[in-house]
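This is coords-v5.pdb. It holds PDB, C-alpha atoms and all ligand atoms.
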ATOM      1  CA  MET M 110      23.652 -27.567 -27.619
ATOM      2  CA  ILE M 111      22.157 -24.491 -26.016
ATOM      3  CA  TRP M 112      22.673 -23.249 -22.474
ATOM      4  CA  PRO M 113      19.605 -24.104 -20.389
ATOM      5  CA  CYS M 114      19.227 -20.597 -18.985
ATOM      6  CA  GLY M 115      20.353 -18.732 -22.064
ATOM      7  CA  SER M 116      22.944 -16.064 -21.384
ATOM      8  CA  LEU M 117      22.698 -16.642 -17.628
ATOM      9  CA  ALA M 118      25.581 -19.048 -17.992
ATOM     10  CA  ASP M 119      27.606 -18.446 -14.864
ATOM     11  CA  VAL M 120      29.049 -21.733 -13.690
ATOM     12  CA  THR M 121      29.331 -21.558  -9.915
ATOM     13  CA  ARG M 122      30.534 -25.140  -9.569
ATOM     14  CA  GLY M 123      32.224 -27.094 -12.332
ATOM     15  CA  PHE M 124      32.321 -30.733 -13.345
ATOM     16  CA  TRP M 125      35.556 -31.610 -11.550
ATOM     17  CA  PHE M 126      34.791 -29.837  -8.276
ATOM     18  CA  PRO M 127      35.949 -32.189  -5.485
ATOM     19  CA  SER M 128      33.894 -32.888  -2.396
ATOM     20  CA  ASP M 129      33.530 -35.925  -0.176
ATOM     21  CA  GLY M 130      29.805 -35.213  -0.186
ATOM     22  CA  TYR M 131      29.432 -36.463  -3.766
ATOM     23  CA  TYR M 132      29.247 -39.973  -5.112
ATOM     24  CA  LEU M 133      32.798 -40.746  -6.363
ATOM     25  CA  LYS M 134      33.894 -37.518  -4.643
ATOM     26  CA  LYS M 135      33.481 -35.080  -7.489
ATOM     27  CA  HIS M 136      30.585 -32.959  -8.686
ATOM     28  CA  TYR M 137      30.353 -34.425 -12.235
ATOM     29  CA  ALA M 138      27.825 -31.740 -13.133
ATOM     30  CA  VAL M 139      27.709 -28.004 -13.575
ATOM     31  CA  ASP M 140      25.812 -25.598 -11.373
ATOM     32  CA  LEU M 141      24.417 -22.469 -12.942
ATOM     33  CA  GLY M 142      24.026 -19.846 -10.240
ATOM     34  CA  LYS M 143      24.746 -16.185  -9.713
ATOM     35  CA  ARG M 144      22.372 -14.528 -12.198
ATOM     36  CA  VAL M 145      19.673 -17.192 -12.235
ATOM     37  CA  THR M 146      17.103 -16.894  -9.508
ATOM     38  CA  TRP M 147      13.829 -18.324  -8.263
ATOM     39  CA  GLY M 148      11.661 -19.014 -11.274
ATOM     40  CA  THR M 149      14.244 -18.450 -14.010
ATOM     41  CA  ARG M 150      13.029 -20.460 -16.972
ATOM     42  CA  ILE M 151      14.964 -23.552 -18.017
ATOM     43  CA  ALA M 152      15.154 -24.464 -21.695
ATOM     44  CA  SER M 153      15.941 -27.937 -22.945
ATOM     45  CA  CYS M 154      19.560 -28.009 -24.169
ATOM     46  CA  LEU M 155      18.784 -30.634 -26.785
ATOM     47  CA  PRO M 156      15.707 -31.955 -28.532
ATOM     48  CA  GLY M 157      14.532 -35.257 -27.136
ATOM     49  CA  LYS M 158      11.928 -36.856 -24.977
ATOM     50  CA  VAL M 159      11.155 -36.695 -21.255
ATOM     51  CA  SER M 160      12.420 -40.006 -19.911
ATOM     52  CA  TYR M 161      11.854 -39.463 -16.200
ATOM     53  CA  LYS M 162      10.855 -36.932 -13.614
ATOM     54  CA  ALA M 163      10.473 -37.160  -9.874
ATOM     55  CA  TYR M 164      10.870 -35.430  -6.545
ATOM     56  CA  ASP M 165      13.720 -36.343  -4.212
ATOM     57  CA  PRO M 166      13.661 -34.278  -1.006
ATOM     58  CA  VAL M 167      17.190 -35.312   0.025
ATOM     59  CA  TYR M 168      19.337 -34.608  -3.053
ATOM     60  CA  SER M 169      17.807 -33.563  -6.353
ATOM     61  CA  GLY M 170      14.552 -31.945  -5.315
ATOM     62  CA  HIS M 171      12.260 -31.702  -8.331
ATOM     63  CA  TYR M 172      14.127 -33.002 -11.348
ATOM     64  CA  ILE M 173      13.588 -34.070 -14.935
ATOM     65  CA  TYR M 174      15.547 -36.089 -17.500
ATOM     66  CA  VAL M 175      15.454 -35.509 -21.262
ATOM     67  CA  ASP M 176      16.925 -38.249 -23.459
ATOM     68  CA  THR M 177      18.357 -37.605 -26.926
ATOM     69  CA  PRO M 178      19.212 -40.519 -29.232
ATOM     70  CA  MET M 179      22.471 -39.861 -31.101
ATOM     71  CA  GLY M 180      22.589 -42.873 -33.405
ATOM     72  CA  ASP M 181      24.499 -46.123 -32.945
ATOM     73  CA  GLY M 182      22.490 -46.741 -29.795
ATOM     74  CA  ILE M 183      24.061 -43.771 -28.030
ATOM     75  CA  VAL M 184      21.649 -41.808 -25.889
ATOM     76  CA  ILE M 185      22.567 -38.533 -24.214
ATOM     77  CA  ARG M 186      20.610 -37.902 -21.037
ATOM     78  CA  CYS M 187      20.384 -34.309 -19.780
ATOM     79  CA  CYS M 188      19.307 -33.872 -16.163
ATOM     80  CA  TYR M 189      17.937 -30.706 -14.614
ATOM     81  CA  ARG M 190      17.727 -30.627 -10.802
ATOM     82  CA  HIS M 191      16.527 -28.505  -7.868
ATOM     83  CA  LEU M 192      13.586 -27.183  -9.920
ATOM     84  CA  LEU M 193      11.180 -24.795  -8.237
ATOM     85  CA  GLU M 194       8.282 -27.182  -8.796
ATOM     86  CA  SER M 195       7.501 -30.303 -10.777
ATOM     87  CA  SER M 196       8.002 -29.823 -14.529
ATOM     88  CA  PRO M 197       4.704 -29.361 -16.383
ATOM     89  CA  LEU M 198       5.868 -31.937 -18.942
ATOM     90  CA  LYS M 199       4.871 -35.572 -18.718
ATOM     91  CA  VAL M 200       7.177 -38.563 -19.029
ATOM     92  CA  GLY M 201       7.249 -39.570 -22.688
ATOM     93  CA  ALA M 202       6.508 -36.083 -23.997
ATOM     94  CA  PRO M 203       8.602 -34.942 -26.965
ATOM     95  CA  VAL M 204      10.757 -31.892 -26.215
ATOM     96  CA  ALA M 205      12.076 -29.329 -28.683
ATOM     97  CA  GLN M 206      15.464 -27.768 -28.215
ATOM     98  CA  GLY M 207      14.817 -24.530 -26.334
ATOM     99  CA  GLN M 208      11.429 -25.599 -25.025
ATOM    100  CA  ILE M 209      10.822 -24.540 -21.416
ATOM    101  CA  ILE M 210      10.909 -27.643 -19.234
ATOM    102  CA  GLY M 211      10.817 -26.086 -15.781
ATOM    103  CA  ARG M 212      11.988 -23.236 -13.582
ATOM    104  CA  VAL M 213      15.004 -22.717 -11.339
ATOM    105  CA  GLY M 214      14.524 -23.354  -7.644
ATOM    106  CA  ALA M 215      16.350 -24.781  -4.675
ATOM    107  CA  THR M 216      14.425 -27.941  -3.841
ATOM    108  CA  GLY M 217      16.402 -30.843  -2.398
ATOM    109  CA  ASP M 218      19.993 -30.296  -1.265
ATOM    110  CA  ALA M 219      20.492 -26.726  -2.490
ATOM    111  CA  GLN M 220      21.604 -23.698  -0.526
ATOM    112  CA  GLY M 221      20.045 -21.229  -2.917
ATOM    113  CA  PRO M 222      18.414 -21.077  -6.325
ATOM    114  CA  HIS M 223      20.554 -22.664  -9.012
ATOM    115  CA  LEU M 224      20.315 -25.247 -11.748
ATOM    116  CA  HIS M 225      22.349 -28.400 -11.252
ATOM    117  CA  PHE M 226      22.806 -29.751 -14.762
ATOM    118  CA  ASP M 227      24.350 -33.139 -15.459
ATOM    119  CA  MET M 228      24.791 -35.081 -18.667
ATOM    120  CA  TRP M 229      25.135 -38.825 -19.078
ATOM    121  CA  VAL M 230      25.700 -41.243 -21.902
ATOM    122  CA  ASN M 231      24.961 -44.955 -21.972
ATOM    123  CA  LYS M 232      28.092 -45.811 -24.007
ATOM    124  CA  PRO M 233      31.574 -44.307 -23.826
ATOM    125  CA  ILE M 234      31.992 -41.412 -26.265
ATOM    126  CA  ARG M 235      35.195 -40.014 -24.799
ATOM    127  CA  ASP M 236      38.297 -41.699 -23.474
ATOM    128  CA  ASP M 237      39.423 -39.621 -20.537
ATOM    129  CA  SER M 238      36.726 -37.229 -19.438
ATOM    130  CA  ILE M 239      33.745 -39.455 -18.952
ATOM    131  CA  ILE M 240      33.233 -41.128 -15.637
ATOM    132  CA  TRP M 241      31.520 -44.462 -15.180
ATOM    133  CA  LYS M 242      28.906 -44.140 -12.472
ATOM    134  CA  ALA M 243      28.065 -47.673 -11.526
ATOM    135  CA  ARG M 244      25.260 -46.575  -9.269
ATOM    136  CA  VAL M 245      23.320 -45.233 -12.239
ATOM    137  CA  GLY M 246      24.791 -47.482 -14.922
ATOM    138  CA  ARG M 247      25.868 -44.601 -17.148
ATOM    139  CA  TYR M 248      28.822 -42.369 -17.889
ATOM    140  CA  ALA M 249      28.920 -38.785 -16.674
ATOM    141  CA  VAL M 250      30.037 -36.283 -19.308
ATOM    142  CA  ASP M 251      31.368 -32.776 -18.728
ATOM    143  CA  PRO M 252      28.604 -30.509 -20.077
ATOM    144  CA  LEU M 253      31.089 -27.689 -20.672
ATOM    145  CA  ILE M 254      32.363 -29.598 -23.693
ATOM    146  CA  TYR M 255      29.005 -29.177 -25.396
ATOM    147  CA  LEU M 256      27.126 -26.244 -23.888
ATOM    148  CA  GLY M 257      27.248 -23.166 -26.096
ATOM    149  CA  GLN M 258      27.451 -25.122 -29.305
ATOM    150  CA  GLU M 259      24.306 -23.507 -30.563
ATOM    151  CA  VAL M 260      23.172 -26.488 -32.548
ATOM    152  CA  CYS M 261      22.234 -29.980 -31.541
ATOM    153  CA  VAL M 262      25.422 -32.020 -31.278
ATOM    154  CA  THR M 263      25.639 -34.799 -33.801
ATOM    155  CA  LYS M 264      27.665 -37.957 -33.554
ATOM    156  CA  ALA M 265      30.082 -36.453 -36.070
ATOM    157  CA  GLU M 266      30.583 -33.422 -33.841
ATOM    158  CA  VAL M 267      31.176 -35.588 -30.829
ATOM    159  CA  GLU M 268      33.777 -37.562 -32.729
ATOM    160  CA  LYS M 269      35.477 -34.382 -33.893
ATOM    161  CA  ILE M 270      35.898 -33.326 -30.289
ATOM    162  CA  VAL M 271      37.205 -36.673 -29.100
ATOM    163  CA  ARG M 272      39.493 -37.376 -32.037
ATOM    164  CA  ASP M 273      42.637 -35.809 -30.642
ATOM    165  CA  THR M 274      43.406 -38.139 -27.769
ATOM    166  CA  THR M 275      46.785 -36.516 -27.081
ATOM    167  CA  LEU M 276      45.223 -33.470 -25.465
ATOM    168  CA  THR M 277      44.535 -33.253 -21.781
ATOM    169  CA  HIS M 278      40.995 -32.608 -20.709
ATOM    170  CA  ASP M 279      41.580 -28.888 -20.164
ATOM    171  CA  ALA M 280      43.477 -28.402 -23.396
ATOM    172  CA  ARG M 281      40.819 -30.188 -25.340
ATOM    173  CA  VAL M 282      38.092 -28.007 -23.891
ATOM    174  CA  LYS M 283      40.045 -24.883 -24.747
ATOM    175  CA  THR M 284      40.413 -25.899 -28.369
ATOM    176  CA  ILE M 285      36.718 -25.153 -28.800
ATOM    177  CA  PRO M 286      37.071 -21.487 -29.692
ATOM    178  CA  GLY M 287      35.435 -18.487 -28.146
ATOM    179  CA  TRP M 288      32.567 -19.437 -26.015
ATOM    180  CA  ILE M 289      34.375 -21.588 -23.524
ATOM    181  CA  ASP M 290      37.268 -19.288 -22.662
ATOM    182  CA  ALA M 291      35.327 -16.592 -20.886
ATOM    183  CA  LEU M 292      33.403 -19.243 -19.056
ATOM    184  CA  LEU M 293      36.460 -21.074 -17.816
ATOM    185  CA  ALA M 294      37.915 -17.790 -16.632
ATOM    186  CA  ASN M 295      35.010 -17.536 -14.221
ATOM    187  CA  VAL M 296      35.082 -21.055 -12.872
ATOM    188  CA  GLY M 297      36.506 -21.091  -9.393
ATOM    189  CA  THR M 298      36.183 -17.365  -8.873
ATOM    190  CA  LEU M 299      32.426 -17.179  -8.583
ATOM    191  CA  ASN M 300      30.836 -17.431  -5.201
ATOM    192  CA  GLU M 301      28.869 -20.416  -4.064
ATOM    193  CA  HIS M 302      25.113 -20.031  -4.056
ATOM    194  CA  THR M 303      23.838 -17.624  -1.466
ATOM    195  CA  LYS M 304      20.886 -18.630   0.560
ATOM    196  CA  HIS M 305      17.989 -16.240   0.421
ATOM    197  CA  PRO M 306      14.221 -16.629   0.368
ATOM    198  CA  PRO M 307      12.111 -16.459  -2.787
ATOM    199  CA  ALA M 308      11.195 -12.906  -3.746
TER     200      ALA M 308
HETATM  201 ZN    ZN R 401      25.453 -29.175  -8.349
END

Represent the structure of the file as structure tokens.
Ligand SMILES: [Zn+2]
Amino acid sequence: MIWPCGSLADVTRGFWFPSDGYYLKKHYAVDLGKRVTWGTRIASCLPGKVSYKAYDPVYSGHYIYVDTPMGDGIVIRCCYRHLLESSPLKVGAPVAQGQIIGRVGATGDAQGPHLHFDMWVNKPIRDDSIIWKARVGRYAVDPLIYLGQEVCVTKAEVEKIVRDTTLTHDARVKTIPGWIDALLANVGTLNEHTKHPPA
């Protein structure tokens, strides 16, 4: 599963970030900020199909959902929010992994240009790190488990990750070698998005 802004993978707010401002009081998403800016292109993390797009001036701004069927009725939904403008793709359009689906902006509730990326599943695929969000009828999944796996995740890969139920969430993440360690080292030390006008 590829990073949506390629190597611009600075997580400025992680999945478990607590705030009373969020539904269920945690972020349950990742924000990619710092090196992304107005107009940075956003690639689809997974192949799939556009299932929804809309504009919400209060929270999400311009946003788009891409759904990926995983077999056994499991569908992963990837959500890309605060886009600069409406995605050029239409609902129902097929999407290739890596295809540009929009550009980074700060529409909706955003203090500066960043991509708010959240991932949902319709059935539980993990025991302790997915969160049931009744309001949307799906489970939130920590994208950091999957981002940087440079291939489309398969059901077998998902099961490999979830198999060891004795690990804590953090330990389980860190068992995925290499790519995640440098990222986690940055989480919590990066600044929040800085407000500035489009160039
Ligand atoms: Zn966010």

List every residue of chain M that has an atom at most 7 Å from any atom of ligand ZN 401 (chain R), and for each one report the closest atom pair and its distance in Å to one decimal, counting all atoms listed in the file, with rows sorted by chain and then by increasing residue number, as JSON lines.
{"residue": "M:Arg122", "atom": "CA", "partner": "R:ZN401", "partner_atom": "ZN", "distance": 6.6}
{"residue": "M:His136", "atom": "CA", "partner": "R:ZN401", "partner_atom": "ZN", "distance": 6.4}
{"residue": "M:Ala138", "atom": "CA", "partner": "R:ZN401", "partner_atom": "ZN", "distance": 5.9}
{"residue": "M:Val139", "atom": "CA", "partner": "R:ZN401", "partner_atom": "ZN", "distance": 5.8}
{"residue": "M:Asp140", "atom": "CA", "partner": "R:ZN401", "partner_atom": "ZN", "distance": 4.7}
{"residue": "M:His225", "atom": "CA", "partner": "R:ZN401", "partner_atom": "ZN", "distance": 4.3}
{"residue": "M:Phe226", "atom": "CA", "partner": "R:ZN401", "partner_atom": "ZN", "distance": 7.0}

Exercise for review: Might you pull out every residue within 10 Å of region 219-224 of chain M, with all atoms listed in the file counted and same-chain residues fewer than 3 positions away left off, and present them as a VMD selection string?
Suggested key: chain M and resid 113 to 114 120 to 121 139 to 149 151 167 to 170 172 188 to 193 212 to 216 227 301 to 307

With 5 Å on each side, where is the centre of the axis-aligned box around all listed atoms of region 114-132 of chain M, and how long are its edges in Å to one decimal, as lines of an AutoDock Vina configuration file?
center_x = 27.6
center_y = -28.0
center_z = -11.1
size_x = 26.7
size_y = 33.9
size_z = 31.9

**Study point:** Pro178 (chain M) environment, 12 Å, all atoms listed in the file, sequence neighbours closer than 4 positions dropped, as JSON, numbers by chain
**Key:** {"M": [155, 156, 157, 158, 159, 160, 182, 183, 184, 185, 186, 187, 229, 230, 231, 232, 261, 262, 263, 264]}

Practice item. List the neighbours of Leu198 (chain M) out to 9 Å using only C-alpha atoms; skip same-chain residues closer than 6 positions along the sequence, and give me the result as a PyMOL selection string. Key: chain M and resi 159+162+173+204+210-211

**Study point:** Local residues around (22.4, -30.5, -22.5), at most 7 Å away, using only C-alpha atoms, as a ChimeraX atom specification
**Key:** /M:110-111,153-155,187,228,252,256

Review point. Rounded to one decimal in Å, what is the spacing between CA of Glu194 (chain M) and CA of Ala163 (chain M)?
Key: 10.3 Å

Review point. Any idea what the distance is between CA of Met179 (chain M) and CA of Phe124 (chain M)?
Key: 22.3 Å

Review point. So how far away is CA of Gln208 (chain M) from CA of Asp176 (chain M), in Å?
Key: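 Spanning CA of Asp176 (chain M) to CA of Gln208 (chain M) is a straight-line distance of 13.9 Å.
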
Point to revise | Counting all atoms listed in the file, the residue of M:Ile239, M:Tyr131, M:Val250, M:Val245 that sits nearest Asp218 (chain M) | key: M:Tyr131

Point to revise | Best match for closeness to Trp241 (chain M) among M:Ala152, M:Val200, M:Ile254, M:Leu133, counting only C-alpha atoms | key: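 Result for the nearest residue to Trp241 (chain M): M:Leu133.
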